[in-house]
$ cat structure_26.csv   # CSV, N, CA and C atoms
chain,number,residue,atom,x,y,z
I,1,MET,N,10.8,29.4,61.7
I,1,MET,CA,10.6,30.3,60.5
I,1,MET,C,10.9,29.5,59.2
I,2,ILE,N,10.0,29.7,58.3
I,2,ILE,CA,10.1,29.0,57.0
I,2,ILE,C,10.9,29.9,56.1
I,3,HIS,N,11.9,29.2,55.5
I,3,HIS,CA,12.8,30.0,54.6
I,3,HIS,C,12.3,29.8,53.1
I,4,LEU,N,12.7,30.7,52.3
I,4,LEU,CA,12.3,30.7,50.9
I,4,LEU,C,12.8,29.4,50.2
I,5,ASN,N,13.9,28.9,50.7
I,5,ASN,CA,14.4,27.6,50.1
I,5,ASN,C,13.5,26.4,50.4
I,6,ASP,N,12.8,26.4,51.5
I,6,ASP,CA,11.8,25.4,51.8
I,6,ASP,C,10.7,25.4,50.8
I,7,TYR,N,10.2,26.5,50.4
I,7,TYR,CA,9.2,26.6,49.4
I,7,TYR,C,9.7,26.2,48.0
I,8,LYS,N,10.9,26.5,47.7
I,8,LYS,CA,11.5,26.1,46.5
I,8,LYS,C,11.6,24.6,46.4
I,9,LYS,N,12.0,24.0,47.5
I,9,LYS,CA,12.1,22.5,47.6
I,9,LYS,C,10.8,21.8,47.3
I,10,LYS,N,9.8,22.4,48.0
I,10,LYS,CA,8.4,21.8,47.8
I,10,LYS,C,7.9,22.0,46.4
I,11,GLU,N,8.2,23.2,45.9
I,11,GLU,CA,7.8,23.5,44.5
I,11,GLU,C,8.5,22.5,43.5
I,12,ASN,N,9.8,22.2,43.7
I,12,ASN,CA,10.5,21.3,42.9
I,12,ASN,C,9.9,19.8,43.0
I,13,ILE,N,9.5,19.5,44.2
I,13,ILE,CA,8.9,18.1,44.4
I,13,ILE,C,7.6,18.1,43.7
I,14,ILE,N,6.8,19.1,43.8
I,14,ILE,CA,5.5,19.1,43.1
I,14,ILE,C,5.7,19.1,41.6
I,15,LYS,N,6.7,19.8,41.1
I,15,LYS,CA,6.9,19.8,39.6
I,15,LYS,C,7.4,18.5,39.2
I,16,ASN,N,8.2,17.8,39.9
I,16,ASN,CA,8.6,16.4,39.6
I,16,ASN,C,7.5,15.5,39.5
I,17,LEU,N,6.6,15.6,40.6
I,17,LEU,CA,5.4,14.7,40.6
I,17,LEU,C,4.5,15.0,39.4
I,18,GLU,N,4.4,16.2,39.1
I,18,GLU,CA,3.5,16.6,37.9
I,18,GLU,C,4.1,16.0,36.6
I,19,GLN,N,5.4,16.1,36.4
I,19,GLN,CA,6.1,15.6,35.2
I,19,GLN,C,5.9,14.0,35.2
I,20,GLU,N,6.1,13.4,36.3
I,20,GLU,CA,5.9,11.9,36.4
I,20,GLU,C,4.5,11.5,36.0
I,21,ALA,N,3.5,12.3,36.6
I,21,ALA,CA,2.1,12.0,36.3
I,21,ALA,C,1.8,12.2,34.8
I,22,LEU,N,2.2,13.3,34.3
I,22,LEU,CA,2.0,13.6,32.8
I,22,LEU,C,2.6,12.5,32.0
I,23,SER,N,3.8,12.1,32.3
I,23,SER,CA,4.4,11.0,31.6
I,23,SER,C,3.6,9.7,31.6
I,24,GLU,N,3.1,9.4,32.8
I,24,GLU,CA,2.3,8.2,33.0
I,24,GLU,C,1.0,8.3,32.2
I,25,ILE,N,0.4,9.4,32.2
I,25,ILE,CA,-0.8,9.7,31.5
I,25,ILE,C,-0.6,9.4,30.0
I,26,LYS,N,0.5,9.9,29.5
I,26,LYS,CA,0.7,9.7,28.1
I,26,LYS,C,0.9,8.3,27.7
I,27,ILE,N,1.6,7.5,28.6
I,27,ILE,CA,1.8,6.1,28.4
I,27,ILE,C,0.5,5.4,28.4
I,28,GLN,N,-0.4,5.7,29.4
I,28,GLN,CA,-1.7,5.0,29.6
I,28,GLN,C,-2.6,5.4,28.4
I,29,ARG,N,-2.6,6.6,28.0
I,29,ARG,CA,-3.4,7.0,26.8
I,29,ARG,C,-3.0,6.2,25.6
I,30,LYS,N,-1.7,6.1,25.4
I,30,LYS,CA,-1.2,5.4,24.2
I,30,LYS,C,-1.7,3.9,24.3
I,31,ARG,N,-1.6,3.3,25.4
I,31,ARG,CA,-2.0,1.9,25.6
I,31,ARG,C,-3.5,1.7,25.4
I,32,PHE,N,-4.2,2.7,25.9
I,32,PHE,CA,-5.7,2.7,25.8
I,32,PHE,C,-6.1,2.7,24.3
I,33,ASN,N,-5.4,3.6,23.5
I,33,ASN,CA,-5.7,3.7,22.1
I,33,ASN,C,-5.3,2.5,21.4
I,34,GLU,N,-4.3,1.8,21.8
I,34,GLU,CA,-3.9,0.5,21.2
I,34,GLU,C,-4.9,-0.5,21.4
I,35,LEU,N,-5.4,-0.6,22.7
I,35,LEU,CA,-6.4,-1.6,23.0
I,35,LEU,C,-7.7,-1.3,22.2
I,36,VAL,N,-8.1,-0.1,22.1
I,36,VAL,CA,-9.4,0.3,21.4
I,36,VAL,C,-9.2,-0.1,19.9
I,37,ASN,N,-8.1,0.2,19.4
I,37,ASN,CA,-7.8,-0.2,18.0
I,37,ASN,C,-7.8,-1.7,17.7
I,38,GLU,N,-7.3,-2.4,18.7
I,38,GLU,CA,-7.3,-3.9,18.6
I,38,GLU,C,-8.7,-4.4,18.6
I,39,VAL,N,-9.5,-3.9,19.5
I,39,VAL,CA,-10.9,-4.3,19.5
I,39,VAL,C,-11.7,-4.0,18.3
I,40,LEU,N,-11.4,-2.8,17.8
I,40,LEU,CA,-12.1,-2.3,16.5
I,40,LEU,C,-11.7,-3.2,15.4
I,41,ASP,N,-10.4,-3.5,15.3
I,41,ASP,CA,-9.9,-4.4,14.2
I,41,ASP,C,-10.6,-5.8,14.3
I,42,GLU,N,-10.7,-6.3,15.5
I,42,GLU,CA,-11.4,-7.6,15.7
I,42,GLU,C,-12.9,-7.5,15.2
I,43,TRP,N,-13.5,-6.4,15.6
I,43,TRP,CA,-14.9,-6.2,15.1
I,43,TRP,C,-15.0,-6.1,13.6
I,44,ASP,N,-14.1,-5.3,13.0
I,44,ASP,CA,-14.1,-5.2,11.6
I,44,ASP,C,-13.9,-6.5,10.9
I,45,THR,N,-13.0,-7.3,11.4
I,45,THR,CA,-12.7,-8.6,10.8
I,45,THR,C,-13.9,-9.5,10.9
I,46,THR,N,-14.5,-9.5,12.1
I,46,THR,CA,-15.7,-10.4,12.3
I,46,THR,C,-16.8,-10.0,11.4
I,47,VAL,N,-17.1,-8.7,11.4
I,47,VAL,CA,-18.2,-8.2,10.5
I,47,VAL,C,-17.9,-8.5,9.1
I,48,ARG,N,-16.7,-8.3,8.6
I,48,ARG,CA,-16.3,-8.5,7.2
I,48,ARG,C,-16.5,-10.0,6.9
I,49,ASN,N,-16.0,-10.9,7.8
I,49,ASN,CA,-16.1,-12.3,7.5
I,49,ASN,C,-17.5,-12.8,7.5
I,50,GLY,N,-18.3,-12.2,8.4
I,50,GLY,CA,-19.7,-12.6,8.5
I,50,GLY,C,-20.5,-12.1,7.2
I,51,MET,N,-20.2,-10.9,6.8
I,51,MET,CA,-20.9,-10.4,5.6
I,51,MET,C,-20.4,-11.1,4.4
I,52,ASP,N,-19.1,-11.5,4.3
I,52,ASP,CA,-18.7,-12.3,3.2
I,52,ASP,C,-19.4,-13.6,3.1
I,53,GLU,N,-19.6,-14.2,4.2
I,53,GLU,CA,-20.2,-15.5,4.3
I,53,GLU,C,-21.7,-15.4,3.9
I,54,ILE,N,-22.4,-14.3,4.4
I,54,ILE,CA,-23.8,-14.1,4.0
I,54,ILE,C,-23.9,-13.9,2.5
I,55,PHE,N,-23.1,-13.0,2.0
I,55,PHE,CA,-23.3,-12.6,0.5
I,55,PHE,C,-22.9,-13.8,-0.4
I,56,SER,N,-21.8,-14.5,0.0
I,56,SER,CA,-21.3,-15.6,-0.9
I,56,SER,C,-22.3,-16.7,-1.0
I,57,ASN,N,-23.1,-16.9,0.1
I,57,ASN,CA,-24.0,-18.0,0.2
I,57,ASN,C,-25.4,-17.5,-0.3
I,58,ALA,N,-25.7,-16.2,-0.3
I,58,ALA,CA,-27.0,-15.7,-0.8
I,58,ALA,C,-27.0,-15.6,-2.3
I,59,ILE,N,-25.9,-15.3,-2.9
I,59,ILE,CA,-25.9,-15.2,-4.4
I,59,ILE,C,-25.4,-16.4,-5.1
I,60,ASP,N,-24.9,-17.4,-4.3
I,60,ASP,CA,-24.4,-18.6,-4.9
I,60,ASP,C,-25.5,-19.4,-5.6
I,61,GLU,N,-25.2,-20.1,-6.6
I,61,GLU,CA,-26.2,-20.9,-7.4
I,61,GLU,C,-26.9,-21.9,-6.4
I,62,ASN,N,-26.1,-22.4,-5.5
I,62,ASN,CA,-26.7,-23.3,-4.5
I,62,ASN,C,-26.9,-22.6,-3.2
I,63,PHE,N,-28.0,-21.8,-3.2
I,63,PHE,CA,-28.3,-21.0,-2.0
I,63,PHE,C,-28.2,-21.8,-0.7
I,64,ASN,N,-27.5,-21.3,0.3
I,64,ASN,CA,-27.2,-22.1,1.5
I,64,ASN,C,-27.7,-21.3,2.7
I,65,PHE,N,-28.9,-21.6,3.2
I,65,PHE,CA,-29.5,-20.9,4.3
I,65,PHE,C,-28.6,-21.1,5.5
I,66,GLU,N,-28.1,-22.3,5.8
I,66,GLU,CA,-27.4,-22.5,7.0
I,66,GLU,C,-26.1,-21.7,7.1
I,67,ASN,N,-25.4,-21.6,5.9
I,67,ASN,CA,-24.2,-20.8,5.9
I,67,ASN,C,-24.5,-19.3,6.0
I,68,ILE,N,-25.6,-18.9,5.5
I,68,ILE,CA,-26.0,-17.5,5.6
I,68,ILE,C,-26.2,-17.2,7.1
I,69,ILE,N,-26.9,-18.1,7.8
I,69,ILE,CA,-27.1,-17.9,9.2
I,69,ILE,C,-25.8,-18.0,10.0
I,70,ASN,N,-24.9,-18.8,9.6
I,70,ASN,CA,-23.6,-18.9,10.2
I,70,ASN,C,-22.9,-17.5,10.1
I,71,GLY,N,-23.0,-16.9,8.9
I,71,GLY,CA,-22.4,-15.5,8.8
I,71,GLY,C,-23.1,-14.5,9.6
I,72,LEU,N,-24.4,-14.6,9.7
I,72,LEU,CA,-25.1,-13.7,10.6
I,72,LEU,C,-24.8,-13.9,12.1
I,73,ASP,N,-24.6,-15.2,12.5
I,73,ASP,CA,-24.2,-15.5,13.8
I,73,ASP,C,-22.9,-15.0,14.2
I,74,LYS,N,-22.0,-14.9,13.2
I,74,LYS,CA,-20.6,-14.4,13.5
I,74,LYS,C,-20.8,-12.9,13.9
I,75,ILE,N,-21.6,-12.2,13.2
I,75,ILE,CA,-21.8,-10.8,13.5
I,75,ILE,C,-22.6,-10.6,14.8
I,76,LEU,N,-23.6,-11.4,15.0
I,76,LEU,CA,-24.4,-11.3,16.2
I,76,LEU,C,-23.6,-11.7,17.5
I,77,SER,N,-22.6,-12.5,17.3
I,77,SER,CA,-21.7,-13.0,18.4
I,77,SER,C,-21.0,-11.8,19.1
I,78,LEU,N,-20.8,-10.7,18.3
I,78,LEU,CA,-20.2,-9.5,18.9
I,78,LEU,C,-21.0,-8.9,20.0
I,79,PHE,N,-22.3,-9.2,19.9
I,79,PHE,CA,-23.3,-8.6,20.9
I,79,PHE,C,-23.8,-9.7,21.8
I,80,GLY,N,-23.2,-10.9,21.8
I,80,GLY,CA,-23.6,-12.0,22.7
I,80,GLY,C,-24.9,-12.6,22.3
I,81,GLU,N,-25.2,-12.5,21.0
I,81,GLU,CA,-26.5,-13.0,20.5
I,81,GLU,C,-26.3,-14.0,19.4
I,82,SER,N,-27.3,-14.7,19.0
I,82,SER,CA,-27.3,-15.6,17.8
I,82,SER,C,-28.7,-15.6,17.2
I,83,SER,N,-28.8,-16.0,15.9
I,83,SER,CA,-30.0,-16.0,15.2
I,83,SER,C,-31.0,-17.0,15.8
I,84,LYS,N,-32.3,-16.7,15.6
I,84,LYS,CA,-33.3,-17.5,16.2
I,84,LYS,C,-33.5,-18.9,15.5
I,85,PHE,N,-33.2,-18.8,14.2
I,85,PHE,CA,-33.4,-20.0,13.3
I,85,PHE,C,-32.0,-20.4,12.7
I,86,HIS,N,-31.7,-21.7,12.7
I,86,HIS,CA,-30.5,-22.1,12.2
I,86,HIS,C,-30.7,-23.1,11.0
I,87,SER,N,-31.9,-23.3,10.6
I,87,SER,CA,-32.2,-24.1,9.4
I,87,SER,C,-33.5,-23.6,8.8
I,88,ILE,N,-33.7,-23.9,7.5
I,88,ILE,CA,-35.0,-23.6,6.9
I,88,ILE,C,-36.1,-24.3,7.6
I,89,GLU,N,-35.9,-25.5,8.0
I,89,GLU,CA,-36.9,-26.3,8.7
I,89,GLU,C,-37.3,-25.5,10.0
I,90,GLU,N,-36.4,-25.0,10.8
I,90,GLU,CA,-36.7,-24.2,12.0
I,90,GLU,C,-37.5,-23.0,11.6
I,91,TRP,N,-37.2,-22.3,10.5
I,91,TRP,CA,-37.9,-21.1,10.1
I,91,TRP,C,-39.3,-21.5,9.7
I,92,GLU,N,-39.4,-22.5,8.8
I,92,GLU,CA,-40.7,-22.9,8.3
I,92,GLU,C,-41.6,-23.4,9.5
I,93,SER,N,-41.1,-24.0,10.5
I,93,SER,CA,-41.9,-24.6,11.5
I,93,SER,C,-42.6,-23.5,12.4
I,94,GLN,N,-42.1,-22.3,12.3
I,94,GLN,CA,-42.7,-21.2,13.1
I,94,GLN,C,-43.6,-20.3,12.3
I,95,LEU,N,-43.8,-20.6,11.0
I,95,LEU,CA,-44.6,-19.7,10.1
I,95,LEU,C,-46.1,-19.7,10.6
I,96,ASP,N,-46.6,-20.7,11.2
I,96,ASP,CA,-48.0,-20.7,11.7
I,96,ASP,C,-48.1,-20.1,13.1
I,97,ILE,N,-47.1,-19.8,13.7
I,97,ILE,CA,-47.1,-19.3,15.1
I,97,ILE,C,-47.2,-17.8,14.9
I,98,PRO,N,-48.1,-17.2,15.7
I,98,PRO,CA,-48.3,-15.7,15.6
I,98,PRO,C,-46.9,-15.0,16.0
I,99,LEU,N,-46.7,-14.0,15.2
I,99,LEU,CA,-45.4,-13.2,15.4
I,99,LEU,C,-45.4,-12.5,16.8
I,100,GLU,N,-44.4,-12.6,17.5
I,100,GLU,CA,-44.3,-12.0,18.8
I,100,GLU,C,-43.0,-11.1,18.7
I,101,LEU,N,-43.3,-9.8,18.8
I,101,LEU,CA,-42.2,-8.8,18.8
I,101,LEU,C,-41.7,-8.4,20.2
I,102,THR,N,-40.4,-8.4,20.4
I,102,THR,CA,-39.9,-8.0,21.7
I,102,THR,C,-39.0,-6.8,21.5
I,103,ILE,N,-39.1,-5.9,22.3
I,103,ILE,CA,-38.3,-4.6,22.2
I,103,ILE,C,-37.4,-4.5,23.4

$ encode --input "structure_26.csv" --output "structure tokens"
Amino acid sequence: MIHLNDYKKKENIIKNLEQEALSEIKIQRKRFNELVNEVLDEWDTTVRNGMDEIFSNAIDENFNFENIINGLDKILSLFGESSKFHSIEEWESQLDIPLELTI
């Protein structure tokens, strides 16, 4: 025969497990938010540095195509990509080639 005390013991065990689980969830949520914010901060810094390099070299008296592309490549690196042309010569050499768009 099961006594009322047996149910109370099981109920207490379940409540303790619930509290431990909730505590761990809060810890994991906090860590997850920290990781997300770290990644977002890295993205912000990379984009900001890339844009600074693009703008400073685009408006500079000595326009510098290669440095503009370096700034663009910084941003594209976030997506595992890089620009197709890294010099004016590379860009000019493709002008006679028909444009091929890829989606």

$ atom_distance --input "structure_26.csv" --atom1 "atom N of Met51 (chain I)" --atom2 "CA of Trp91 (chain I)"
20.7 Å

$ residues_around --input "structure_26.csv" --residues "region 72-85 of chain I" --least-positions-apart "2" --cutoff "9 Å" --atoms "only C-alpha atoms" --output "ChimeraX atom specification"
/I:43,46-51,53-54,67-70,87-91

$ select_by_dssp --input "structure_26.csv" --residues "chain I" --states "alpha helix (DSSP H)" --output "CSV table (one decimal) with N, CA and C atoms, in the coordinates of the input"
chain,number,residue,atom,x,y,z
I,4,LEU,N,12.7,30.7,52.3
I,4,LEU,CA,12.3,30.7,50.9
I,4,LEU,C,12.8,29.4,50.2
I,5,ASN,N,13.9,28.9,50.7
I,5,ASN,CA,14.4,27.6,50.1
I,5,ASN,C,13.5,26.4,50.4
I,6,ASP,N,12.8,26.4,51.5
I,6,ASP,CA,11.8,25.4,51.8
I,6,ASP,C,10.7,25.4,50.8
I,7,TYR,N,10.2,26.5,50.4
I,7,TYR,CA,9.2,26.6,49.4
I,7,TYR,C,9.7,26.2,48.0
I,8,LYS,N,10.9,26.5,47.7
I,8,LYS,CA,11.5,26.1,46.5
I,8,LYS,C,11.6,24.6,46.4
I,9,LYS,N,12.0,24.0,47.5
I,9,LYS,CA,12.1,22.5,47.6
I,9,LYS,C,10.8,21.8,47.3
I,10,LYS,N,9.8,22.4,48.0
I,10,LYS,CA,8.4,21.8,47.8
I,10,LYS,C,7.9,22.0,46.4
I,11,GLU,N,8.2,23.2,45.9
I,11,GLU,CA,7.8,23.5,44.5
I,11,GLU,C,8.5,22.5,43.5
I,12,ASN,N,9.8,22.2,43.7
I,12,ASN,CA,10.5,21.3,42.9
I,12,ASN,C,9.9,19.8,43.0
I,13,ILE,N,9.5,19.5,44.2
I,13,ILE,CA,8.9,18.1,44.4
I,13,ILE,C,7.6,18.1,43.7
I,14,ILE,N,6.8,19.1,43.8
I,14,ILE,CA,5.5,19.1,43.1
I,14,ILE,C,5.7,19.1,41.6
I,15,LYS,N,6.7,19.8,41.1
I,15,LYS,CA,6.9,19.8,39.6
I,15,LYS,C,7.4,18.5,39.2
I,16,ASN,N,8.2,17.8,39.9
I,16,ASN,CA,8.6,16.4,39.6
I,16,ASN,C,7.5,15.5,39.5
I,17,LEU,N,6.6,15.6,40.6
I,17,LEU,CA,5.4,14.7,40.6
I,17,LEU,C,4.5,15.0,39.4
I,18,GLU,N,4.4,16.2,39.1
I,18,GLU,CA,3.5,16.6,37.9
I,18,GLU,C,4.1,16.0,36.6
I,19,GLN,N,5.4,16.1,36.4
I,19,GLN,CA,6.1,15.6,35.2
I,19,GLN,C,5.9,14.0,35.2
I,20,GLU,N,6.1,13.4,36.3
I,20,GLU,CA,5.9,11.9,36.4
I,20,GLU,C,4.5,11.5,36.0
I,21,ALA,N,3.5,12.3,36.6
I,21,ALA,CA,2.1,12.0,36.3
I,21,ALA,C,1.8,12.2,34.8
I,22,LEU,N,2.2,13.3,34.3
I,22,LEU,CA,2.0,13.6,32.8
I,22,LEU,C,2.6,12.5,32.0
I,23,SER,N,3.8,12.1,32.3
I,23,SER,CA,4.4,11.0,31.6
I,23,SER,C,3.6,9.7,31.6
I,24,GLU,N,3.1,9.4,32.8
I,24,GLU,CA,2.3,8.2,33.0
I,24,GLU,C,1.0,8.3,32.2
I,25,ILE,N,0.4,9.4,32.2
I,25,ILE,CA,-0.8,9.7,31.5
I,25,ILE,C,-0.6,9.4,30.0
I,26,LYS,N,0.5,9.9,29.5
I,26,LYS,CA,0.7,9.7,28.1
I,26,LYS,C,0.9,8.3,27.7
I,27,ILE,N,1.6,7.5,28.6
I,27,ILE,CA,1.8,6.1,28.4
I,27,ILE,C,0.5,5.4,28.4
I,28,GLN,N,-0.4,5.7,29.4
I,28,GLN,CA,-1.7,5.0,29.6
I,28,GLN,C,-2.6,5.4,28.4
I,29,ARG,N,-2.6,6.6,28.0
I,29,ARG,CA,-3.4,7.0,26.8
I,29,ARG,C,-3.0,6.2,25.6
I,30,LYS,N,-1.7,6.1,25.4
I,30,LYS,CA,-1.2,5.4,24.2
I,30,LYS,C,-1.7,3.9,24.3
I,31,ARG,N,-1.6,3.3,25.4
I,31,ARG,CA,-2.0,1.9,25.6
I,31,ARG,C,-3.5,1.7,25.4
I,32,PHE,N,-4.2,2.7,25.9
I,32,PHE,CA,-5.7,2.7,25.8
I,32,PHE,C,-6.1,2.7,24.3
I,33,ASN,N,-5.4,3.6,23.5
I,33,ASN,CA,-5.7,3.7,22.1
I,33,ASN,C,-5.3,2.5,21.4
I,34,GLU,N,-4.3,1.8,21.8
I,34,GLU,CA,-3.9,0.5,21.2
I,34,GLU,C,-4.9,-0.5,21.4
I,35,LEU,N,-5.4,-0.6,22.7
I,35,LEU,CA,-6.4,-1.6,23.0
I,35,LEU,C,-7.7,-1.3,22.2
I,36,VAL,N,-8.1,-0.1,22.1
I,36,VAL,CA,-9.4,0.3,21.4
I,36,VAL,C,-9.2,-0.1,19.9
I,37,ASN,N,-8.1,0.2,19.4
I,37,ASN,CA,-7.8,-0.2,18.0
I,37,ASN,C,-7.8,-1.7,17.7
I,38,GLU,N,-7.3,-2.4,18.7
I,38,GLU,CA,-7.3,-3.9,18.6
I,38,GLU,C,-8.7,-4.4,18.6
I,39,VAL,N,-9.5,-3.9,19.5
I,39,VAL,CA,-10.9,-4.3,19.5
I,39,VAL,C,-11.7,-4.0,18.3
I,40,LEU,N,-11.4,-2.8,17.8
I,40,LEU,CA,-12.1,-2.3,16.5
I,40,LEU,C,-11.7,-3.2,15.4
I,41,ASP,N,-10.4,-3.5,15.3
I,41,ASP,CA,-9.9,-4.4,14.2
I,41,ASP,C,-10.6,-5.8,14.3
I,42,GLU,N,-10.7,-6.3,15.5
I,42,GLU,CA,-11.4,-7.6,15.7
I,42,GLU,C,-12.9,-7.5,15.2
I,43,TRP,N,-13.5,-6.4,15.6
I,43,TRP,CA,-14.9,-6.2,15.1
I,43,TRP,C,-15.0,-6.1,13.6
I,44,ASP,N,-14.1,-5.3,13.0
I,44,ASP,CA,-14.1,-5.2,11.6
I,44,ASP,C,-13.9,-6.5,10.9
I,45,THR,N,-13.0,-7.3,11.4
I,45,THR,CA,-12.7,-8.6,10.8
I,45,THR,C,-13.9,-9.5,10.9
I,46,THR,N,-14.5,-9.5,12.1
I,46,THR,CA,-15.7,-10.4,12.3
I,46,THR,C,-16.8,-10.0,11.4
I,47,VAL,N,-17.1,-8.7,11.4
I,47,VAL,CA,-18.2,-8.2,10.5
I,47,VAL,C,-17.9,-8.5,9.1
I,48,ARG,N,-16.7,-8.3,8.6
I,48,ARG,CA,-16.3,-8.5,7.2
I,48,ARG,C,-16.5,-10.0,6.9
I,49,ASN,N,-16.0,-10.9,7.8
I,49,ASN,CA,-16.1,-12.3,7.5
I,49,ASN,C,-17.5,-12.8,7.5
I,50,GLY,N,-18.3,-12.2,8.4
I,50,GLY,CA,-19.7,-12.6,8.5
I,50,GLY,C,-20.5,-12.1,7.2
I,51,MET,N,-20.2,-10.9,6.8
I,51,MET,CA,-20.9,-10.4,5.6
I,51,MET,C,-20.4,-11.1,4.4
I,52,ASP,N,-19.1,-11.5,4.3
I,52,ASP,CA,-18.7,-12.3,3.2
I,52,ASP,C,-19.4,-13.6,3.1
I,53,GLU,N,-19.6,-14.2,4.2
I,53,GLU,CA,-20.2,-15.5,4.3
I,53,GLU,C,-21.7,-15.4,3.9
I,54,ILE,N,-22.4,-14.3,4.4
I,54,ILE,CA,-23.8,-14.1,4.0
I,54,ILE,C,-23.9,-13.9,2.5
I,55,PHE,N,-23.1,-13.0,2.0
I,55,PHE,CA,-23.3,-12.6,0.5
I,55,PHE,C,-22.9,-13.8,-0.4
I,56,SER,N,-21.8,-14.5,0.0
I,56,SER,CA,-21.3,-15.6,-0.9
I,56,SER,C,-22.3,-16.7,-1.0
I,57,ASN,N,-23.1,-16.9,0.1
I,57,ASN,CA,-24.0,-18.0,0.2
I,57,ASN,C,-25.4,-17.5,-0.3
I,58,ALA,N,-25.7,-16.2,-0.3
I,58,ALA,CA,-27.0,-15.7,-0.8
I,58,ALA,C,-27.0,-15.6,-2.3
I,65,PHE,N,-28.9,-21.6,3.2
I,65,PHE,CA,-29.5,-20.9,4.3
I,65,PHE,C,-28.6,-21.1,5.5
I,66,GLU,N,-28.1,-22.3,5.8
I,66,GLU,CA,-27.4,-22.5,7.0
I,66,GLU,C,-26.1,-21.7,7.1
I,67,ASN,N,-25.4,-21.6,5.9
I,67,ASN,CA,-24.2,-20.8,5.9
I,67,ASN,C,-24.5,-19.3,6.0
I,68,ILE,N,-25.6,-18.9,5.5
I,68,ILE,CA,-26.0,-17.5,5.6
I,68,ILE,C,-26.2,-17.2,7.1
I,69,ILE,N,-26.9,-18.1,7.8
I,69,ILE,CA,-27.1,-17.9,9.2
I,69,ILE,C,-25.8,-18.0,10.0
I,70,ASN,N,-24.9,-18.8,9.6
I,70,ASN,CA,-23.6,-18.9,10.2
I,70,ASN,C,-22.9,-17.5,10.1
I,71,GLY,N,-23.0,-16.9,8.9
I,71,GLY,CA,-22.4,-15.5,8.8
I,71,GLY,C,-23.1,-14.5,9.6
I,72,LEU,N,-24.4,-14.6,9.7
I,72,LEU,CA,-25.1,-13.7,10.6
I,72,LEU,C,-24.8,-13.9,12.1
I,73,ASP,N,-24.6,-15.2,12.5
I,73,ASP,CA,-24.2,-15.5,13.8
I,73,ASP,C,-22.9,-15.0,14.2
I,74,LYS,N,-22.0,-14.9,13.2
I,74,LYS,CA,-20.6,-14.4,13.5
I,74,LYS,C,-20.8,-12.9,13.9
I,75,ILE,N,-21.6,-12.2,13.2
I,75,ILE,CA,-21.8,-10.8,13.5
I,75,ILE,C,-22.6,-10.6,14.8
I,76,LEU,N,-23.6,-11.4,15.0
I,76,LEU,CA,-24.4,-11.3,16.2
I,76,LEU,C,-23.6,-11.7,17.5
I,88,ILE,N,-33.7,-23.9,7.5
I,88,ILE,CA,-35.0,-23.6,6.9
I,88,ILE,C,-36.1,-24.3,7.6
I,89,GLU,N,-35.9,-25.5,8.0
I,89,GLU,CA,-36.9,-26.3,8.7
I,89,GLU,C,-37.3,-25.5,10.0
I,90,GLU,N,-36.4,-25.0,10.8
I,90,GLU,CA,-36.7,-24.2,12.0
I,90,GLU,C,-37.5,-23.0,11.6
I,91,TRP,N,-37.2,-22.3,10.5
I,91,TRP,CA,-37.9,-21.1,10.1
I,91,TRP,C,-39.3,-21.5,9.7
I,92,GLU,N,-39.4,-22.5,8.8
I,92,GLU,CA,-40.7,-22.9,8.3
I,92,GLU,C,-41.6,-23.4,9.5
I,93,SER,N,-41.1,-24.0,10.5
I,93,SER,CA,-41.9,-24.6,11.5
I,93,SER,C,-42.6,-23.5,12.4

$ atom_distance --input "structure_26.csv" --atom1 "atom N of Phe63 (chain I)" --atom2 "atom C of His86 (chain I)"
14.5 Å

$ atom_distance --input "structure_26.csv" --atom1 "atom N of Glu92 (chain I)" --atom2 "CA of Gly71 (chain I)"
18.4 Å
